[in-house]
>>> print(open('data_13.txt').read())   # compact mmCIF, C-alpha atoms
# COMPACT_ATOMS: atom_id res chain seq x y z
CA MET A 1487 -20.53 -13.43 16.04
CA THR A 1488 -22.92 -11.45 18.18
CA ALA A 1489 -22.20 -8.60 20.50
CA ALA A 1490 -22.07 -9.32 24.19
CA GLY A 1491 -24.53 -7.68 26.52
CA GLY A 1492 -28.25 -7.51 26.91
CA ARG A 1493 -29.10 -5.25 24.00
CA ARG A 1494 -30.30 -6.66 20.75
CA SER A 1495 -27.23 -7.42 18.73
CA VAL A 1496 -26.76 -6.12 15.22
CA PRO A 1497 -24.19 -7.41 12.78
CA ALA A 1498 -20.97 -5.47 12.92
CA MET A 1499 -20.50 -3.45 9.75
CA THR A 1500 -17.16 -2.36 8.42
CA VAL A 1501 -16.84 1.40 8.64
CA LYS A 1502 -14.45 3.59 6.76
CA LEU A 1503 -13.29 7.10 7.34
CA LEU A 1504 -13.37 8.74 3.93
CA VAL A 1505 -11.06 11.70 3.41
CA LEU A 1506 -11.10 13.81 0.25
CA TYR A 1507 -8.19 16.25 0.07
CA THR A 1508 -8.56 19.32 -2.10
CA PRO A 1509 -5.59 20.29 -4.29
CA PRO A 1510 -2.73 21.66 -2.18
CA GLU A 1511 -0.96 24.88 -3.14
CA ASP A 1512 2.38 23.09 -3.01
CA ALA A 1513 1.83 19.50 -4.14
CA ASP A 1514 5.44 18.45 -3.48
CA ALA A 1515 5.31 19.70 0.10
CA PHE A 1516 1.94 18.06 0.64
CA ASP A 1517 3.10 14.75 -0.79
CA ALA A 1518 6.24 14.75 1.36
CA HIS A 1519 4.29 15.51 4.54
CA TYR A 1520 1.57 13.00 3.64
CA ALA A 1521 3.96 10.12 2.97
CA GLY A 1522 6.63 10.96 5.49
CA THR A 1523 4.64 12.17 8.47
CA HIS A 1524 0.90 11.75 8.11
CA MET A 1525 0.56 8.14 6.98
CA PRO A 1526 3.06 6.88 9.57
CA LEU A 1527 0.83 8.49 12.22
CA VAL A 1528 -2.26 6.90 10.65
CA ALA A 1529 -0.59 3.50 10.71
CA LYS A 1530 -0.33 3.66 14.51
CA ILE A 1531 -4.06 4.16 15.14
CA PRO A 1532 -5.31 1.24 17.26
CA GLY A 1533 -7.94 -0.87 15.51
CA LEU A 1534 -7.10 0.32 12.02
CA LEU A 1535 -7.66 -2.62 9.69
CA ARG A 1536 -6.20 -1.17 6.51
CA THR A 1537 -5.86 1.97 4.48
CA GLU A 1538 -6.50 2.62 0.81
CA THR A 1539 -5.30 5.78 -0.84
CA GLY A 1540 -4.72 7.18 -4.28
CA LEU A 1541 -4.20 10.37 -6.21
CA ILE A 1542 -7.42 11.39 -7.89
CA GLY A 1543 -6.88 11.30 -11.60
CA ALA A 1544 -9.14 12.43 -14.36
CA ALA A 1545 -12.59 13.79 -13.57
CA ILE A 1546 -14.64 12.02 -16.21
CA ASP A 1547 -17.87 13.83 -15.52
CA GLY A 1548 -16.95 17.10 -17.19
CA GLY A 1549 -16.73 18.80 -13.81
CA GLU A 1550 -13.76 20.60 -12.42
CA LYS A 1551 -11.18 18.57 -10.55
CA SER A 1552 -12.12 19.46 -7.01
CA PHE A 1553 -10.18 16.78 -5.15
CA TYR A 1554 -6.53 15.80 -5.15
CA ARG A 1555 -6.30 12.62 -3.09
CA ILE A 1556 -8.71 10.12 -1.55
CA THR A 1557 -7.80 8.23 1.59
CA GLU A 1558 -9.94 5.61 3.29
CA LEU A 1559 -9.25 4.15 6.72
CA PHE A 1560 -11.08 0.92 7.51
CA PHE A 1561 -12.26 -0.17 10.95
CA GLU A 1562 -14.25 -3.19 12.09
CA ASP A 1563 -17.20 -1.09 13.14
CA GLN A 1564 -18.24 2.35 14.30
CA GLY A 1565 -17.08 1.70 17.84
CA ALA A 1566 -13.60 0.72 16.70
CA LEU A 1567 -13.32 3.89 14.64
CA GLN A 1568 -14.35 6.04 17.58
CA ALA A 1569 -11.98 4.22 19.92
CA GLY A 1570 -9.16 4.60 17.41
CA PHE A 1571 -9.56 8.35 17.14
CA GLY A 1572 -10.07 8.65 20.88
CA SER A 1573 -6.61 7.19 21.46
CA ASP A 1574 -3.44 9.25 21.75
CA GLU A 1575 -2.35 8.00 18.32
CA GLY A 1576 -5.70 8.95 16.85
CA LYS A 1577 -5.52 12.42 18.36
CA ALA A 1578 -2.01 12.91 17.01
CA THR A 1579 -3.26 11.91 13.56
CA ALA A 1580 -6.21 14.30 13.78
CA ALA A 1581 -3.91 17.14 14.83
CA ASP A 1582 -1.62 16.44 11.90
CA TYR A 1583 -4.63 16.33 9.57
CA GLN A 1584 -5.40 19.89 10.56
CA LYS A 1585 -1.90 20.83 9.40
CA ILE A 1586 -1.93 18.96 6.14
CA ALA A 1587 -5.48 19.18 4.78
CA PRO A 1588 -6.00 22.04 2.33
CA PRO A 1589 -9.11 24.20 2.86
CA GLY A 1590 -12.29 22.54 1.66
CA SER A 1591 -11.03 19.01 2.27
CA ARG A 1592 -13.83 16.72 3.42
CA MET A 1593 -14.10 13.89 5.91
CA PHE A 1594 -17.01 11.48 6.26
CA VAL A 1595 -17.86 8.28 8.07
CA VAL A 1596 -19.15 5.61 5.67
CA PRO A 1597 -20.60 2.28 6.77
CA VAL A 1598 -19.65 -0.12 3.97
CA ASP A 1599 -22.60 -2.04 2.50
CA ASP A 1600 -20.75 -5.04 1.17
CA MET B 19 4.45 -10.16 -14.70
CA THR B 20 5.42 -7.76 -17.42
CA ALA B 21 3.34 -6.46 -20.26
CA ALA B 22 3.83 -7.97 -23.66
CA GLY B 23 5.16 -5.86 -26.49
CA GLY B 24 8.15 -3.71 -27.11
CA ARG B 25 7.35 -0.78 -24.87
CA ARG B 26 8.87 -0.46 -21.46
CA SER B 27 6.58 -2.28 -19.08
CA VAL B 28 5.22 -0.68 -15.94
CA PRO B 29 3.63 -2.59 -13.07
CA ALA B 30 -0.14 -2.90 -13.40
CA MET B 31 -1.86 -0.76 -10.78
CA THR B 32 -5.34 -1.38 -9.52
CA VAL B 33 -7.61 1.40 -10.66
CA LYS B 34 -10.95 2.36 -9.23
CA LEU B 35 -13.78 4.42 -10.61
CA LEU B 36 -14.87 6.64 -7.74
CA VAL B 37 -18.45 7.90 -7.83
CA LEU B 38 -19.79 10.42 -5.33
CA TYR B 39 -23.56 10.85 -5.56
CA THR B 40 -25.08 14.06 -4.28
CA PRO B 41 -28.27 13.79 -2.20
CA PRO B 42 -31.25 12.80 -4.36
CA GLU B 43 -34.53 14.67 -4.14
CA ASP B 44 -36.35 11.38 -3.54
CA ALA B 45 -34.05 9.10 -1.57
CA ASP B 46 -36.45 6.15 -1.65
CA ALA B 47 -36.74 6.28 -5.44
CA PHE B 48 -32.98 6.66 -5.79
CA ASP B 49 -32.28 3.75 -3.47
CA ALA B 50 -34.75 1.50 -5.31
CA HIS B 51 -33.26 2.36 -8.72
CA TYR B 52 -29.72 2.03 -7.41
CA ALA B 53 -30.20 -1.39 -5.85
CA GLY B 54 -32.71 -2.81 -8.29
CA THR B 55 -31.46 -1.52 -11.63
CA HIS B 56 -28.13 0.25 -11.45
CA MET B 57 -25.98 -2.14 -9.47
CA PRO B 58 -27.19 -5.20 -11.46
CA LEU B 59 -25.98 -3.36 -14.58
CA VAL B 60 -22.66 -2.56 -12.91
CA ALA B 61 -22.21 -6.21 -11.97
CA LYS B 62 -22.24 -7.20 -15.64
CA ILE B 63 -19.33 -4.95 -16.67
CA PRO B 64 -16.54 -7.15 -18.06
CA GLY B 65 -13.34 -6.98 -16.04
CA LEU B 66 -14.96 -5.58 -12.90
CA LEU B 67 -13.06 -7.03 -9.94
CA ARG B 68 -15.31 -5.85 -7.14
CA THR B 69 -17.46 -3.00 -5.96
CA GLU B 70 -17.56 -1.18 -2.66
CA THR B 71 -20.39 1.12 -1.76
CA GLY B 72 -21.92 2.81 1.24
CA LEU B 73 -24.21 5.58 2.32
CA ILE B 74 -22.21 8.56 3.43
CA GLY B 75 -22.91 9.15 7.07
CA ALA B 76 -21.81 11.97 9.26
CA ALA B 77 -19.61 14.71 7.88
CA ILE B 78 -17.15 15.08 10.72
CA ASP B 79 -15.37 18.11 9.37
CA GLY B 80 -18.03 20.65 10.20
CA GLY B 81 -18.86 21.05 6.53
CA GLU B 82 -22.20 20.51 4.94
CA LYS B 83 -23.12 17.01 3.85
CA SER B 84 -22.56 17.34 0.15
CA PHE B 85 -22.60 13.68 -0.82
CA TYR B 86 -25.13 10.91 -0.27
CA ARG B 87 -23.45 7.73 -1.42
CA ILE B 88 -19.95 6.61 -2.45
CA THR B 89 -19.46 3.80 -4.93
CA GLU B 90 -16.10 2.44 -6.06
CA LEU B 91 -15.62 0.02 -8.94
CA PHE B 92 -12.27 -1.79 -9.03
CA PHE B 93 -10.44 -2.93 -12.14
CA GLU B 94 -7.07 -4.57 -12.63
CA ASP B 95 -5.65 -1.54 -14.40
CA GLN B 96 -6.56 1.49 -16.49
CA GLY B 97 -6.88 -0.58 -19.64
CA ALA B 98 -9.36 -2.96 -18.02
CA LEU B 99 -11.46 -0.05 -16.83
CA GLN B 100 -11.53 1.48 -20.28
CA ALA B 101 -12.37 -1.85 -21.89
CA GLY B 102 -15.13 -2.42 -19.36
CA PHE B 103 -16.81 0.88 -20.09
CA GLY B 104 -16.27 0.42 -23.80
CA SER B 105 -18.34 -2.76 -23.71
CA ASP B 106 -22.09 -2.88 -24.30
CA GLU B 107 -22.59 -3.60 -20.60
CA GLY B 108 -20.41 -0.64 -19.66
CA LYS B 109 -22.30 1.65 -22.00
CA ALA B 110 -25.62 0.49 -20.55
CA THR B 111 -24.30 1.25 -17.08
CA ALA B 112 -23.10 4.70 -18.12
CA ALA B 113 -26.50 5.46 -19.69
CA ASP B 114 -28.25 4.41 -16.51
CA TYR B 115 -25.86 6.54 -14.47
CA GLN B 116 -27.06 9.56 -16.40
CA LYS B 117 -30.59 8.73 -15.25
CA ILE B 118 -29.80 8.05 -11.62
CA ALA B 119 -27.06 10.51 -10.64
CA PRO B 120 -28.36 13.71 -9.04
CA PRO B 121 -26.88 16.97 -10.37
CA GLY B 122 -23.43 17.67 -9.03
CA SER B 123 -22.52 14.01 -8.61
CA ARG B 124 -18.85 13.39 -9.34
CA MET B 125 -16.90 10.64 -11.04
CA PHE B 126 -13.13 10.20 -10.97
CA VAL B 127 -10.54 7.63 -11.95
CA VAL B 128 -8.20 6.79 -9.06
CA PRO B 129 -5.09 4.62 -9.37
CA VAL B 130 -4.81 2.90 -5.99
CA ASP B 131 -1.43 3.33 -4.29
CA ASP B 132 -1.51 0.31 -2.07
>>> encode(input="data_13.txt", output="structure tokens")
Amino acid sequence: MTAAGGRRSVPAMTVKLLVLYTPPEDADAFDAHYAGTHMPLVAKIPGLLRTETGLIGAAIDGGEKSFYRITELFFEDQGALQAGFGSDEGKATAADYQKIAPPGSRMFVVPVDD
Amino acid sequence: MTAAGGRRSVPAMTVKLLVLYTPPEDADAFDAHYAGTHMPLVAKIPGLLRTETGLIGAAIDGGEKSFYRITELFFEDQGALQAGFGSDEGKATAADYQKIAPPGSRMFVVPVDD
């Protein structure tokens, strides 16, 4: 499928929002907020294709365990991600992220190669 | 499906090996080694279900860009991951990782929630 319009079309590339949460001070409180409030907000973001999340287990590189949880939100392309977070639901999610994410948590946009 | 044997069975949970590469000094050399040597080694690991990889784009948290590429290797469960990296192919991949990964790169085991 090609994009409409006069510009040269490029293949759409799945994009994910990669979130790396640092360890929370109160893991129980974080987990409760994450599961009970944050992910239900995420689920409402328009254009969200799927989420993948997991607690980060062993660091097998000898380094310190600097992250607690990884969450990835998948969108069809960069435009869909931007539209999703520009929506009211996306803004509500972003506001809640500011409440839940421990200091040093990271967030990146990653175009998926394959 | 339940595990064989006398112990209480638990549901198998997809596990991924999460690798976060820090920015290489020579991105072209890294990219060539990654695509031409490293990922072909990864592809031979027994039990590997799939890989997902992408260049890390914008950091949208205001922080510095501390990672260059994310790679995730999926296995059926923890045992399959361990068996994969215990194989000759897994050991060859791990040895090549030591050559390719810039200092500060991180590697974690992540059981996937959903």
>>> interface_residues(input="data_13.txt", of="chain B", to="chain A", cutoff="10 Å", atoms="all atoms listed in the file", output="MDAnalysis selection string")
chainID B and resid 33:37 68:89 122:132
>>> atom_distance(input="data_13.txt", atom1="atom CA of Leu1506 of chain A", atom2="atom CA of Ala1587 of chain A")
9.0 Å
>>> calpha_fit_and_write(input="data_13.txt", fixed="chain A", moving="chain B", output="compact mmCIF listing (two decimals) with C-alpha atoms, in the frame of the given file")
# COMPACT_ATOMS: atom_id res chain seq x y z
CA MET B 19 -20.87 -13.50 16.33
CA THR B 20 -23.20 -11.42 18.42
CA ALA B 21 -22.39 -8.53 20.68
CA ALA B 22 -22.24 -9.14 24.37
CA GLY B 23 -24.72 -7.47 26.67
CA GLY B 24 -28.44 -7.22 26.95
CA ARG B 25 -29.19 -5.01 23.99
CA ARG B 26 -30.37 -6.44 20.73
CA SER B 27 -27.28 -7.25 18.73
CA VAL B 28 -26.78 -6.02 15.19
CA PRO B 29 -24.18 -7.41 12.78
CA ALA B 30 -20.89 -5.52 12.90
CA MET B 31 -20.42 -3.53 9.70
CA THR B 32 -17.08 -2.45 8.37
CA VAL B 33 -16.79 1.30 8.60
CA LYS B 34 -14.41 3.53 6.72
CA LEU B 35 -13.28 7.06 7.32
CA LEU B 36 -13.35 8.71 3.91
CA VAL B 37 -11.06 11.69 3.40
CA LEU B 38 -11.12 13.80 0.25
CA TYR B 39 -8.22 16.26 0.08
CA THR B 40 -8.60 19.33 -2.08
CA PRO B 41 -5.63 20.33 -4.26
CA PRO B 42 -2.77 21.71 -2.15
CA GLU B 43 -1.04 24.94 -3.08
CA ASP B 44 2.32 23.15 -2.97
CA ALA B 45 1.80 19.57 -4.12
CA ASP B 46 5.40 18.54 -3.48
CA ALA B 47 5.28 19.76 0.13
CA PHE B 48 1.91 18.10 0.65
CA ASP B 49 3.09 14.81 -0.80
CA ALA B 50 6.23 14.82 1.36
CA HIS B 51 4.26 15.56 4.54
CA TYR B 52 1.58 13.04 3.63
CA ALA B 53 3.97 10.17 2.96
CA GLY B 54 6.65 11.02 5.48
CA THR B 55 4.64 12.21 8.47
CA HIS B 56 0.91 11.77 8.10
CA MET B 57 0.57 8.18 6.96
CA PRO B 58 3.09 6.90 9.56
CA LEU B 59 0.84 8.50 12.19
CA VAL B 60 -2.24 6.91 10.63
CA ALA B 61 -0.55 3.51 10.68
CA LYS B 62 -0.27 3.66 14.47
CA ILE B 63 -4.01 4.13 15.12
CA PRO B 64 -5.25 1.20 17.22
CA GLY B 65 -7.85 -0.92 15.48
CA LEU B 66 -7.02 0.29 11.97
CA LEU B 67 -7.59 -2.65 9.63
CA ARG B 68 -6.14 -1.19 6.46
CA THR B 69 -5.80 1.96 4.43
CA GLU B 70 -6.45 2.64 0.78
CA THR B 71 -5.27 5.79 -0.88
CA GLY B 72 -4.69 7.22 -4.32
CA LEU B 73 -4.20 10.41 -6.23
CA ILE B 74 -7.41 11.42 -7.91
CA GLY B 75 -6.86 11.36 -11.62
CA ALA B 76 -9.15 12.46 -14.36
CA ALA B 77 -12.58 13.80 -13.56
CA ILE B 78 -14.62 12.04 -16.21
CA ASP B 79 -17.86 13.83 -15.54
CA GLY B 80 -16.96 17.10 -17.18
CA GLY B 81 -16.77 18.80 -13.80
CA GLU B 82 -13.81 20.59 -12.39
CA LYS B 83 -11.22 18.57 -10.52
CA SER B 84 -12.15 19.46 -6.99
CA PHE B 85 -10.20 16.80 -5.13
CA TYR B 86 -6.54 15.83 -5.15
CA ARG B 87 -6.30 12.66 -3.11
CA ILE B 88 -8.69 10.12 -1.57
CA THR B 89 -7.76 8.23 1.57
CA GLU B 90 -9.91 5.60 3.26
CA LEU B 91 -9.21 4.13 6.68
CA PHE B 92 -11.03 0.88 7.48
CA PHE B 93 -12.18 -0.25 10.91
CA GLU B 94 -14.14 -3.27 12.05
CA ASP B 95 -17.11 -1.17 13.10
CA GLN B 96 -18.16 2.27 14.28
CA GLY B 97 -17.01 1.59 17.82
CA ALA B 98 -13.52 0.63 16.67
CA LEU B 99 -13.26 3.80 14.63
CA GLN B 100 -14.30 5.93 17.56
CA ALA B 101 -11.91 4.13 19.89
CA GLY B 102 -9.10 4.54 17.39
CA PHE B 103 -9.55 8.28 17.13
CA GLY B 104 -10.04 8.56 20.87
CA SER B 105 -6.57 7.12 21.43
CA ASP B 106 -3.42 9.22 21.74
CA GLU B 107 -2.33 7.98 18.32
CA GLY B 108 -5.69 8.92 16.83
CA LYS B 109 -5.54 12.37 18.36
CA ALA B 110 -2.02 12.89 17.01
CA THR B 111 -3.27 11.90 13.57
CA ALA B 112 -6.23 14.27 13.79
CA ALA B 113 -3.93 17.12 14.85
CA ASP B 114 -1.65 16.43 11.92
CA TYR B 115 -4.65 16.32 9.59
CA GLN B 116 -5.44 19.88 10.60
CA LYS B 117 -1.95 20.85 9.43
CA ILE B 118 -1.96 18.95 6.16
CA ALA B 119 -5.51 19.18 4.80
CA PRO B 120 -6.04 22.04 2.35
CA PRO B 121 -9.16 24.18 2.92
CA GLY B 122 -12.32 22.52 1.71
CA SER B 123 -11.05 18.99 2.30
CA ARG B 124 -13.83 16.68 3.44
CA MET B 125 -14.09 13.85 5.92
CA PHE B 126 -17.00 11.42 6.25
CA VAL B 127 -17.84 8.20 8.04
CA VAL B 128 -19.11 5.53 5.65
CA PRO B 129 -20.55 2.17 6.73
CA VAL B 130 -19.58 -0.21 3.93
CA ASP B 131 -22.51 -2.13 2.43
CA ASP B 132 -20.62 -5.07 1.05
>>> atom_distance(input="data_13.txt", atom1="atom CA of His51 of chain B", atom2="atom CA of Leu91 of chain B")
17.8 Å
>>> atom_distance(input="data_13.txt", atom1="atom CA of Lys1577 of chain A", atom2="atom CA of Thr1508 of chain A")
21.8 Å
>>> closest_residue(input="data_13.txt", among="B:Thr32, B:His56, B:Pro41, B:Lys62", to="Gln116 of chain B", atoms="only C-alpha atoms")
B:His56
>>> residues_around(input="data_13.txt", residues="Thr111 of chain B", least_positions_apart="4", cutoff="7 Å", atoms="all atoms listed in the file", output="number ranges by chain")
B: 56, 59-60, 107, 115
>>> axis_aligned_box(input="data_13.txt", around="segment 1523-1526 of chain A", padding_each_side="5 Å", output="JSON")
{"center_x": 2.6, "center_y": 9.5, "center_z": 8.3, "size_x": 14.1, "size_y": 15.3, "size_z": 12.6}
>>> build_atoms(input="data_13.txt", residues="segment 1508-1523 of chain A", atoms="N, CA, C and O atoms", output="short mmCIF file (atom, residue, chain, number, x, y, z; two decimals), keeping the file's coordinate frame")
data_model
loop_
_atom_site.label_atom_id
_atom_site.label_comp_id
_atom_site.auth_asym_id
_atom_site.auth_seq_id
_atom_site.Cartn_x
_atom_site.Cartn_y
_atom_site.Cartn_z
N THR A 1508 -8.55 18.39 -0.97
CA THR A 1508 -8.56 19.32 -2.10
C THR A 1508 -7.12 19.56 -2.57
O THR A 1508 -6.17 19.26 -1.86
N PRO A 1509 -6.96 20.10 -3.78
CA PRO A 1509 -5.59 20.29 -4.29
C PRO A 1509 -4.78 21.25 -3.41
O PRO A 1509 -5.23 22.35 -3.10
N PRO A 1510 -3.61 20.80 -3.00
CA PRO A 1510 -2.73 21.66 -2.18
C PRO A 1510 -2.06 22.72 -3.05
O PRO A 1510 -1.87 22.53 -4.25
N GLU A 1511 -1.69 23.83 -2.40
CA GLU A 1511 -0.96 24.88 -3.14
C GLU A 1511 0.40 24.37 -3.60
O GLU A 1511 0.84 24.63 -4.70
N ASP A 1512 1.05 23.64 -2.70
CA ASP A 1512 2.38 23.09 -3.01
C ASP A 1512 2.28 21.56 -2.95
O ASP A 1512 2.35 20.96 -1.88
N ALA A 1513 2.08 20.94 -4.11
CA ALA A 1513 1.83 19.50 -4.14
C ALA A 1513 3.04 18.71 -3.63
O ALA A 1513 2.88 17.70 -2.94
N ASP A 1514 4.25 19.18 -3.94
CA ASP A 1514 5.44 18.45 -3.48
C ASP A 1514 5.52 18.45 -1.96
O ASP A 1514 5.84 17.43 -1.35
N ALA A 1515 5.25 19.61 -1.35
CA ALA A 1515 5.31 19.70 0.10
C ALA A 1515 4.22 18.84 0.73
O ALA A 1515 4.45 18.15 1.74
N PHE A 1516 3.03 18.88 0.14
CA PHE A 1516 1.94 18.06 0.64
C PHE A 1516 2.30 16.58 0.57
O PHE A 1516 2.16 15.84 1.54
N ASP A 1517 2.78 16.16 -0.59
CA ASP A 1517 3.10 14.75 -0.79
C ASP A 1517 4.16 14.27 0.20
O ASP A 1517 4.08 13.16 0.73
N ALA A 1518 5.15 15.13 0.43
CA ALA A 1518 6.24 14.75 1.36
C ALA A 1518 5.70 14.61 2.78
O ALA A 1518 6.04 13.65 3.49
N HIS A 1519 4.87 15.56 3.20
CA HIS A 1519 4.29 15.51 4.54
C HIS A 1519 3.34 14.30 4.66
O HIS A 1519 3.37 13.57 5.66
N TYR A 1520 2.55 14.10 3.62
CA TYR A 1520 1.57 13.00 3.64
C TYR A 1520 2.28 11.65 3.79
O TYR A 1520 1.92 10.84 4.65
N ALA A 1521 3.29 11.43 2.97
CA ALA A 1521 3.96 10.12 2.97
C ALA A 1521 4.91 9.97 4.15
O ALA A 1521 5.04 8.89 4.72
N GLY A 1522 5.57 11.06 4.50
CA GLY A 1522 6.63 10.96 5.49
C GLY A 1522 6.19 11.14 6.93
O GLY A 1522 6.83 10.64 7.86
N THR A 1523 5.10 11.87 7.12
CA THR A 1523 4.64 12.17 8.47
C THR A 1523 3.22 11.68 8.73
O THR A 1523 2.96 11.01 9.73
#
